[in-house]
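Have a look at structure.txt; it's compact mmCIF, C-alpha atoms and all ligand atoms:
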```
# COMPACT_ATOMS: atom_id res chain seq x y z
CA MET A 18 0.00 0.00 0.00
CA THR A 19 2.86 2.40 0.69
CA TYR A 20 3.39 3.08 -3.01
CA LEU A 21 -0.25 4.04 -3.57
CA ALA A 22 -0.76 7.76 -3.88
CA LYS A 23 -4.11 9.24 -2.89
CA PRO A 24 -6.36 10.17 -5.82
CA LYS A 25 -5.51 13.73 -6.83
CA LEU A 26 -9.07 14.71 -7.73
CA HIS A 27 -10.10 17.76 -5.72
CA HIS A 28 -13.64 18.86 -5.09
CA PRO A 29 -13.89 22.23 -6.90
CA THR A 30 -15.22 23.99 -3.79
CA LEU A 31 -12.39 22.91 -1.48
CA PRO A 32 -11.04 26.01 0.28
CA LYS A 33 -7.72 27.34 -1.04
CA ASN A 34 -5.00 29.19 0.82
CA LYS A 35 -3.15 32.29 -0.42
CA LEU A 36 -0.95 30.15 -2.67
CA GLY A 37 -3.97 28.58 -4.31
CA PHE A 38 -3.33 25.21 -2.66
CA THR A 39 -6.03 23.12 -1.04
CA ARG A 40 -5.45 21.09 2.11
CA ARG A 41 -5.08 18.03 -0.14
CA ASP A 42 -1.96 19.52 -1.72
CA TYR A 43 -0.25 19.07 1.66
CA GLU A 44 -1.10 15.37 1.98
CA GLY A 45 1.22 12.43 1.34
CA THR A 46 0.54 8.82 0.41
CA ILE A 47 -2.09 6.64 2.09
CA SER A 48 -1.17 5.83 5.69
CA THR A 49 -0.33 2.22 6.50
CA LEU A 50 -0.57 2.76 10.26
CA CYS A 51 -3.25 0.99 12.34
CA ALA A 52 -6.64 2.66 12.01
CA GLY A 53 -7.12 4.91 15.03
CA CYS A 54 -3.37 5.38 15.66
CA GLY A 55 -2.74 8.76 17.24
CA HIS A 56 0.16 9.37 14.83
CA ASP A 57 -2.28 9.78 11.92
CA SER A 58 -4.04 12.59 13.79
CA ILE A 59 -0.69 14.35 14.22
CA SER A 60 -0.04 14.04 10.46
CA ALA A 61 -3.46 15.62 9.88
CA ALA A 62 -2.58 18.45 12.27
CA LEU A 63 0.71 19.07 10.44
CA ILE A 64 -1.13 19.19 7.11
CA GLN A 65 -3.63 21.67 8.53
CA ALA A 66 -0.91 23.85 10.05
CA CYS A 67 1.12 24.07 6.80
CA PHE A 68 -2.03 24.74 4.78
CA GLU A 69 -3.09 27.54 7.13
CA LEU A 70 0.39 29.09 7.16
CA ASP A 71 0.45 29.16 3.32
CA ILE A 72 3.74 27.31 3.31
CA GLU A 73 5.20 26.37 -0.05
CA PRO A 74 5.75 22.60 0.29
CA HIS A 75 9.20 22.74 -1.36
CA ARG A 76 10.38 24.97 1.50
CA VAL A 77 9.95 22.19 4.06
CA ALA A 78 12.43 19.43 4.92
CA LYS A 79 10.96 16.51 6.90
CA LEU A 80 13.43 14.35 8.80
CA SER A 81 12.75 11.30 10.94
CA GLY A 82 14.34 8.24 12.55
CA ILE A 83 12.85 4.75 12.77
CA GLY A 84 9.47 3.72 14.20
CA CYS A 85 5.78 4.00 13.30
CA SER A 86 6.04 7.69 14.18
CA SER A 87 9.11 8.11 12.01
CA LYS A 88 7.22 6.56 9.07
CA THR A 89 4.60 9.30 9.15
CA PRO A 90 6.43 11.93 7.04
CA THR A 91 5.46 9.74 4.05
CA TYR A 92 1.83 10.48 4.86
CA PHE A 93 2.00 14.29 4.80
CA LEU A 94 3.68 16.98 2.69
CA GLY A 95 4.27 14.70 -0.28
CA ASN A 96 5.85 17.56 -2.23
CA SER A 97 8.44 18.43 0.43
CA HIS A 98 11.99 17.21 0.96
CA GLY A 99 12.27 14.11 3.14
CA PHE A 100 15.01 12.07 4.81
CA ASN A 101 14.33 8.94 6.84
CA SER A 102 17.52 8.50 8.88
CA VAL A 103 18.89 5.73 11.12
CA HIS A 104 17.18 4.94 14.46
CA GLY A 105 17.76 7.83 16.88
CA ARG A 106 20.01 9.78 14.51
CA MET A 107 17.54 12.22 13.04
CA PRO A 108 18.79 15.19 15.12
CA SER A 109 22.34 15.12 13.77
CA VAL A 110 21.15 14.72 10.17
CA LEU A 111 18.74 17.62 10.70
CA THR A 112 21.47 19.74 12.29
CA GLY A 113 23.79 19.15 9.33
CA ALA A 114 21.09 19.91 6.78
CA ASN A 115 20.09 23.05 8.65
CA LEU A 116 23.68 24.32 8.78
CA ALA A 117 24.07 23.74 5.06
CA ASN A 118 20.80 25.39 4.10
CA ARG A 119 19.11 27.68 6.58
CA GLU A 120 16.44 28.69 4.06
CA LEU A 121 14.25 25.62 4.62
CA ILE A 122 11.76 24.91 7.41
CA TYR A 123 13.04 21.88 9.32
CA LEU A 124 10.53 19.43 10.71
CA GLY A 125 11.91 16.60 12.84
CA VAL A 126 9.42 13.81 13.50
CA SER A 127 10.34 11.14 16.00
CA GLY A 128 9.00 8.69 18.57
CA ASP A 129 9.56 8.21 22.27
CA GLY A 130 11.75 5.18 21.51
CA ASP A 131 13.63 7.02 18.78
CA SER A 132 14.27 10.12 20.90
CA ALA A 133 14.17 9.00 24.56
CA SER A 134 16.01 5.67 24.23
CA ILE A 135 18.55 5.15 21.43
CA GLY A 136 18.52 8.80 20.36
CA LEU A 137 18.57 10.48 23.77
CA GLY A 138 22.07 11.91 23.34
CA GLN A 139 21.23 13.26 19.90
CA PHE A 140 18.01 14.79 21.20
CA ALA A 141 19.90 16.51 24.03
CA HIS A 142 22.53 18.10 21.83
CA CYS A 143 20.23 19.50 19.15
CA MET A 144 18.12 21.09 21.90
CA ARG A 145 21.08 22.66 23.71
CA ARG A 146 22.55 23.92 20.45
CA GLY A 147 19.35 25.73 19.54
CA VAL A 148 18.89 24.26 16.07
CA ASN A 149 16.11 26.18 14.29
CA MET A 150 13.53 23.42 13.83
CA VAL A 151 10.22 21.98 14.92
CA TYR A 152 10.92 18.73 16.76
CA ILE A 153 7.86 16.57 17.38
CA VAL A 154 7.91 13.43 19.50
CA GLU A 155 4.84 11.27 18.87
CA ASN A 156 4.78 9.82 22.37
CA ASN A 157 2.92 6.55 22.97
CA GLY A 158 5.08 5.12 25.75
CA VAL A 159 5.97 2.02 23.71
CA TYR A 160 8.04 0.87 20.78
CA GLY A 161 5.00 0.50 18.54
CA LEU A 162 6.86 -0.68 15.44
CA THR A 163 8.62 -3.50 17.31
CA LYS A 164 5.44 -4.66 19.02
CA GLY A 165 4.94 -2.68 22.17
CA GLN A 166 7.96 -2.92 24.48
CA PHE A 167 8.03 -0.22 27.17
CA SER A 168 9.82 2.89 26.03
CA ALA A 169 11.74 5.22 28.32
CA THR A 170 8.70 7.52 28.62
CA ALA A 171 6.47 4.77 30.06
CA ASP A 172 5.48 5.62 33.62
CA ARG A 173 6.88 3.50 36.44
CA GLY A 174 4.17 1.10 37.55
CA SER A 175 2.32 1.14 34.22
CA LYS A 176 1.46 -2.26 32.71
CA SER A 177 2.05 -3.71 29.29
CA LYS A 178 -0.78 -5.46 27.50
CA ARG A 179 0.62 -8.70 28.90
CA GLY A 180 0.41 -7.35 32.44
CA ALA A 181 4.16 -6.85 32.92
CA VAL A 182 4.88 -3.92 35.24
CA ASN A 183 7.35 -1.23 34.20
CA THR A 184 9.83 -0.79 37.05
CA ASP A 185 11.95 1.97 35.49
CA ALA A 186 11.45 5.69 36.12
CA ALA A 187 9.99 7.63 33.19
CA ILE A 188 11.87 10.24 31.19
CA ASP A 189 9.78 13.38 30.75
CA MET A 190 10.81 14.82 27.38
CA VAL A 191 9.25 18.19 28.14
CA GLN A 192 11.22 18.59 31.38
CA LEU A 193 14.36 17.54 29.52
CA ALA A 194 13.80 20.01 26.68
CA LEU A 195 13.25 22.79 29.22
CA GLN A 196 16.36 21.87 31.15
CA LEU A 197 18.43 21.62 27.96
CA GLY A 198 17.56 25.12 26.79
CA ALA A 199 14.92 24.62 24.07
CA THR A 200 13.33 28.00 23.37
CA PHE A 201 9.81 26.74 22.58
CA VAL A 202 8.43 23.84 24.62
CA ALA A 203 4.90 22.44 24.41
CA ARG A 204 2.90 19.31 25.04
CA SER A 205 -0.32 18.27 23.40
CA PHE A 206 -2.53 15.30 22.68
CA SER A 207 -3.12 13.82 19.23
CA GLY A 208 -6.87 13.81 19.87
CA ASP A 209 -7.00 17.57 20.53
CA LYS A 210 -6.47 19.18 17.13
CA ASP A 211 -7.84 22.52 18.33
CA GLN A 212 -4.82 22.73 20.61
CA LEU A 213 -2.28 20.93 18.44
CA VAL A 214 -2.70 22.78 15.12
CA PRO A 215 -2.02 26.25 16.58
CA LEU A 216 0.91 24.88 18.59
CA ILE A 217 2.49 23.49 15.42
CA MET A 218 1.89 26.78 13.60
CA ALA A 219 3.53 28.72 16.42
CA ALA A 220 6.45 26.28 16.53
CA ILE A 221 7.03 26.68 12.78
CA GLU A 222 7.10 30.46 13.20
CA HIS A 223 9.56 30.21 16.10
CA ARG A 224 13.18 30.86 15.07
CA GLY A 225 14.94 28.42 17.39
CA ALA A 226 14.65 24.95 18.86
CA ALA A 227 10.92 24.24 19.17
CA PHE A 228 9.90 21.01 20.85
CA ILE A 229 6.40 19.51 21.01
CA ASP A 230 5.72 16.33 22.96
CA VAL A 231 2.47 14.91 21.59
CA ILE A 232 0.79 12.12 23.57
CA SER A 233 -0.28 9.75 20.78
CA PRO A 234 -2.01 6.50 21.77
CA CYS A 235 -0.89 3.19 20.22
CA VAL A 236 -4.10 1.28 19.56
CA ALA A 237 -2.44 -2.01 18.66
CA PHE A 238 -1.16 -3.07 22.04
CA ASN A 239 -4.29 -3.68 24.00
CA ASN A 240 -5.24 -6.93 22.32
CA HIS A 241 -5.17 -8.95 25.54
CA ALA A 242 -5.63 -12.70 26.01
CA GLY A 243 -9.30 -13.56 25.98
CA SER A 244 -10.11 -11.08 23.25
CA THR A 245 -11.56 -12.54 20.11
CA LYS A 246 -9.89 -9.72 18.21
CA SER A 247 -6.36 -10.48 19.40
CA TYR A 248 -3.58 -11.59 17.06
CA ASP A 249 -3.38 -14.96 18.80
CA TYR A 250 -7.11 -15.59 18.55
CA VAL A 251 -7.24 -14.62 14.88
CA ARG A 252 -4.18 -16.78 14.09
CA GLU A 253 -5.53 -19.77 16.01
CA HIS A 254 -8.88 -19.62 14.27
CA ASN A 255 -7.57 -18.70 10.88
CA GLU A 256 -7.24 -21.21 8.09
CA ALA A 257 -4.28 -19.40 6.69
CA VAL A 258 -3.19 -19.67 3.11
CA ASN A 259 -0.46 -17.17 3.92
CA ARG A 260 0.61 -15.31 7.06
CA LEU A 261 -0.84 -11.86 7.67
CA ASP A 262 -1.02 -9.53 10.67
CA VAL A 263 -4.53 -8.16 11.16
CA MET A 264 -4.97 -4.87 13.02
CA MET A 265 -8.56 -4.27 14.05
CA PRO A 266 -9.67 -0.67 13.52
CA ARG A 267 -10.23 1.41 16.65
CA GLU A 268 -11.82 4.76 17.15
CA ALA A 269 -9.27 7.58 17.57
CA ILE A 270 -9.43 9.03 21.11
CA VAL A 271 -10.58 12.65 21.13
CA ALA A 272 -10.44 15.25 23.93
CA ASP A 273 -12.16 18.65 23.85
CA TYR A 274 -11.88 20.64 27.07
CA GLU A 275 -11.45 24.21 28.33
CA PRO A 276 -8.13 25.91 29.21
CA GLY A 277 -7.44 25.62 32.94
CA SER A 278 -9.47 22.44 33.29
CA VAL A 279 -8.56 18.78 33.74
CA SER A 280 -9.96 16.11 31.45
CA ALA A 281 -9.89 12.37 32.20
CA VAL A 282 -9.23 10.48 28.96
CA THR A 283 -9.70 6.71 28.86
CA MET A 284 -6.97 5.13 26.78
CA HIS A 285 -7.44 1.99 24.69
CA ASP A 286 -5.89 -0.20 27.36
CA GLY A 287 -8.47 0.99 29.89
CA THR A 288 -6.08 3.22 31.85
CA THR A 289 -7.07 6.83 32.51
CA MET A 290 -4.85 9.79 31.71
CA LEU A 291 -5.55 13.14 33.39
CA LEU A 292 -4.83 15.91 30.88
CA HIS A 293 -4.43 19.37 32.38
CA LYS A 294 -4.76 22.17 29.83
CA ILE A 295 -2.89 25.22 31.06
CA ALA A 296 -4.99 28.29 31.80
CA ASP A 297 -4.99 31.32 29.47
CA ASP A 298 -3.29 33.44 32.16
CA TYR A 299 -0.37 31.00 32.48
CA ASP A 300 2.98 32.82 32.11
CA SER A 301 4.86 30.93 29.38
CA GLY A 302 7.88 33.25 29.53
CA ASP A 303 9.49 31.77 32.66
CA ARG A 304 11.52 28.57 32.23
CA ILE A 305 11.98 27.86 35.97
CA LYS A 306 8.30 28.42 36.75
CA ALA A 307 7.35 26.11 33.88
CA MET A 308 9.57 23.35 35.27
CA ASN A 309 8.13 23.73 38.77
CA TYR A 310 4.57 23.85 37.48
CA LEU A 311 5.11 20.66 35.50
CA ALA A 312 6.64 18.86 38.46
CA GLU A 313 3.80 19.90 40.79
CA ARG A 314 1.10 18.76 38.37
CA GLN A 315 2.95 15.56 37.59
CA ALA A 316 3.01 14.73 41.30
CA GLN A 317 -0.79 14.97 41.19
CA GLY A 318 -0.89 12.48 38.30
CA GLN A 319 -1.72 15.08 35.66
CA VAL A 320 -0.20 15.51 32.20
CA VAL A 321 0.07 19.21 31.47
CA THR A 322 -0.59 20.29 27.87
CA GLY A 323 -0.25 23.60 26.03
CA LEU A 324 2.59 26.00 25.31
CA LEU A 325 4.71 25.62 28.43
CA TYR A 326 7.62 27.90 27.65
CA VAL A 327 8.66 30.26 24.89
CA ASP A 328 11.61 32.60 24.54
CA ARG A 329 10.28 35.34 22.28
CA GLU A 330 13.74 36.43 21.17
CA PRO A 331 15.56 33.16 20.59
CA GLU A 332 19.06 32.79 19.20
CA ASP A 333 19.62 29.83 16.97
CA LEU A 334 22.73 27.83 16.13
CA HIS A 335 23.52 30.00 13.09
CA ALA A 336 23.70 33.06 15.35
CA SER A 337 26.05 31.29 17.79
CA LEU A 338 28.31 30.06 14.99
CA ASN A 339 28.13 33.30 13.04
CA THR A 340 27.52 31.46 9.79
CA VAL A 341 27.03 33.09 6.41
CA PRO A 342 23.43 34.17 5.80
CA ALA A 343 23.08 32.32 2.50
CA ALA A 344 22.55 28.62 1.94
CA LEU A 345 25.90 26.98 1.17
CA ASN A 346 24.74 25.80 -2.24
CA ARG A 347 24.23 29.44 -3.24
CA LEU A 348 27.85 30.42 -2.58
CA GLY A 349 30.01 30.97 -5.63
CA GLU A 350 33.67 30.18 -6.16
CA LEU A 351 34.73 33.59 -4.91
CA GLU A 352 33.14 33.06 -1.47
CA LEU A 353 34.21 29.44 -1.24
CA CYS A 354 37.77 30.05 -2.39
CA PRO A 355 38.80 33.57 -1.30
CA GLY A 356 42.45 33.13 -2.33
CA SER A 357 45.88 32.52 -0.73
CA ALA A 358 46.11 35.90 0.98
CA ALA A 359 42.86 35.32 2.86
CA LEU A 360 43.97 31.78 3.75
CA GLU A 361 47.31 33.04 5.04
CA LYS A 362 45.54 35.66 7.18
CA PHE A 363 43.21 33.02 8.60
CA ASN A 364 46.07 30.62 9.37
CA ALA A 365 47.98 33.42 11.06
CA SER A 366 44.99 34.12 13.30
CA LEU A 367 45.18 30.55 14.59
CA ARG A 368 48.89 30.61 15.45
C1 LIG B 401 19.81 0.53 15.56
C2 LIG B 401 18.43 -0.03 15.71
N1 LIG B 401 18.08 -0.58 16.89
C3 LIG B 401 16.83 -1.08 17.06
C4 LIG B 401 15.93 -1.03 16.03
C5 LIG B 401 14.56 -1.62 16.22
N2 LIG B 401 13.52 -0.62 16.35
C6 LIG B 401 12.82 -0.20 15.29
S1 LIG B 401 11.67 0.94 15.68
C7 LIG B 401 12.11 0.87 17.32
C8 LIG B 401 11.41 1.68 18.37
C9 LIG B 401 10.43 2.65 17.84
O1 LIG B 401 9.76 3.23 18.91
P1 LIG B 401 9.22 4.71 18.81
O2 LIG B 401 10.31 5.62 18.40
O3 LIG B 401 8.57 5.02 20.12
O4 LIG B 401 8.19 4.66 17.61
P2 LIG B 401 6.68 4.12 17.58
O5 LIG B 401 6.77 2.91 16.71
O6 LIG B 401 6.21 3.82 18.96
O7 LIG B 401 5.93 5.24 16.95
C10 LIG B 401 13.13 -0.03 17.53
C11 LIG B 401 13.73 -0.34 18.85
C12 LIG B 401 16.34 -0.43 14.82
N3 LIG B 401 15.51 -0.31 13.78
N4 LIG B 401 17.58 0.06 14.69
S1 LIG B 402 1.60 -0.31 16.27
FE1 LIG B 402 0.84 1.36 17.54
S2 LIG B 402 2.12 3.12 16.97
FE2 LIG B 402 2.33 1.59 15.34
S3 LIG B 402 0.80 2.14 13.79
FE3 LIG B 402 -0.13 0.62 15.17
S4 LIG B 402 -1.19 1.85 16.72
FE4 LIG B 402 0.27 3.22 15.70
MG MG B 403 6.61 5.02 20.64
```

Can you dump the structure from the file as C-alpha cells?
Ligand SMILES: Cc1ncc(C[n+]2csc(CCOP(=O)(O)OP(=O)(O)O)c2C)c(N)n1
Ligand code: SF4
Ligand SMILES: [Mg+2]
Amino acid sequence: MTYLAKPKLHHPTLPKNKLGFTRRDYEGTISTLCAGCGHDSISAALIQACFELDIEPHRVAKLSGIGCSSKTPTYFLGNSHGFNSVHGRMPSVLTGANLANRELIYLGVSGDGDSASIGLGQFAHCMRRGVNMVYIVENNGVYGLTKGQFSATADRGSKSKRGAVNTDAAIDMVQLALQLGATFVARSFSGDKDQLVPLIMAAIEHRGAAFIDVISPCVAFNNHAGSTKSYDYVREHNEAVNRLDVMMPREAIVADYEPGSVSAVTMHDGTTMLLHKIADDYDSGDRIKAMNYLAERQAQGQVVTGLLYVDREPEDLHASLNTVPAALNRLGELELCPGSAALEKFNASLR
C-alpha cells in the first residue's frame, strides 16, 4: 500500500490558501498505520498547520528516525523534501542539513523510543545547540513498530498489554527540553487538534529549537488474552493460506476541554490519563516556573498540555556560529575560495 498515492481529484469547492493550494496539496501517500493510531491525527494536524500558514511545500524538509512515528512523514507533505535516517540519529542529520541550508523549514518527527532511548544523546545536543527546527515526539510510551515494548517515557508502575509492570522511572521529554535550553516547549494530545494545530503553527514560526511532545495512543497493544480480536485468537482460528497480521480498527481518542481544566481520557488499554490544559493566564515566559509547574502537576498524576515555555527572542545555532546568511549551495567560487592571501591571514589568526 505504501506506493499508492491518494487520488488527486479535488472537489472544486475545497477552500484554497493564499498560494492557491487546497489542504489536499499538503497530503502524502495513504497511511499504512493501524486505524485509530494517534500518529495519523498528528499528520493531519501538520497538514492543517502548513495549509493555514500558506507554506510552499518545497520549502519544508521533513526528517525522521525509525518507528511507526518516524514513518509518518510519508503520509504528509508529499511535495516536500524528506530524509528517513537511522534509528535515533535524526537530530544530527537535521542539524547538518540546517547548517548547510538555513532557508528551509526543518521538521523533525520522531517517537519516544527514537528520541528517549537510542537517540537520547542526539536529542539533548540538538536542543542545547538551539537548532532552528520543529521537533515533534509522537509519544505513545511504547516501541510500537517493534510490538509494544516499554519505552523510556512509560510511567513507572504502568502495565504492558501482557500485564508486565514497568519498574523503570519515566523520562519526561518536556522537562528535559526545558532543562536543555529549548526555546519553545509544548505538550499536546493527538486527539486535541484545536490545541495541536495552533501549537504546530507557532512552533514553525519560532526561530529556534521548538519542541512539542504529543501524547499519541498506540491502539495495537491492548489486544489482551481472551479477546476474540487479538492476534493470537485470529491466528488460532484462521485457516491461513499465507501469514498476515490483522490490526482491528479502533476509534481515535478525542479530547475537547477548556483551558485551565482537567480532562480524564480513557486510553485503549483501559487506563485513565488526566490531561491538564494550562490556563490562558499561564505565564509561558518563565523557564523555571514552567519546570516547577510541570513537576507539581505531575506529582498529582496530571499531564500538562499547552505552550509551556517560549523565549520570544531566541538565538539559533547560526547566530552562535556566526555562519554566512546564504545557503551553502548558493555560494560561488569567490566566497568558497577567497584566495591565498585570505587563507594566510586566517592561518595566522590561529597561530
Ligand atoms: C539501531 C536499531 N536498533 C533497534 C531497532 C529496532 N527498532 C525499530 S523501531 C524501534 C522503536 C520505535 O519506537 P518509537 O520511536 O517510540 O516509535 P513508535 O513505533 O512507537 O511510533 C526499535 C527499537 C532499529 N531499527 N535500529
Ligand atoms: S503499532 Fe501502535 S504506533 Fe504503530 S501504527 Fe499501530 S497503533 Fe500506531
Ligand atoms: Mg513510541

Interatomic distance, atom O2 of ligand LIG 401 (chain B) to CA of Leu334 (chain A) (Å, one decimal) = 25.5 Å

query = Would you name the residues within 10 Å of ligand MG 403 (chain B), counting only C-alpha atoms and all ligand atoms, and put them as a PyMOL selection string?
reply = chain A and resi 56+84-87+127-133+154-171+232-235

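If you measure from each of A:Ile229, A:Ala237, A:Met308, A:Ala336 to ligand LIG 402 (chain B) using only C-alpha atoms and all ligand atoms, the closest one turns out to be A:Ala237.
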
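The smallest atom-to-atom distance between Ala343 (chain A) and any of A:Met150, A:Ala219, A:Leu121, A:Met107, using all atoms listed in the file, is found for A:Leu121.
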
ask   = So how far away is CA of Phe228 (chain A) from CA of Met144 (chain A), in Å?
value =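 The value is 8.3 Å.
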
request  = Would you please work out which residue, of A:Asp333, A:Glu73, A:Glu313, A:Asp211, is nearest to His98 (chain A) when using all atoms listed in the file?
outcome  =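 Among the listed residues, the smallest separation from His98 (chain A) belongs to A:Glu73.
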
note = Students should find that atom N1 of ligand LIG 401 (chain B) and CA of Gly105 (chain A) are spaced 8.4 Å

message = List the spatial neighbours of Pro24 (chain A) as a list in words - criterion: any atom at most 10 Å away, all atoms listed in the file, same-chain residues fewer than 4 positions off excluded.
response =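 Close residues of Pro24 (chain A): Arg41, Thr46 and Ile47 of chain A.
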
task = Please provide as an MDAnalysis selection string all residues within 9 Å of Ser175 (chain A), with the sequence filter that same-chain residues fewer than 5 positions apart are discarded (counting all atoms listed in the file).
result = chainID A and resid 180:184 288
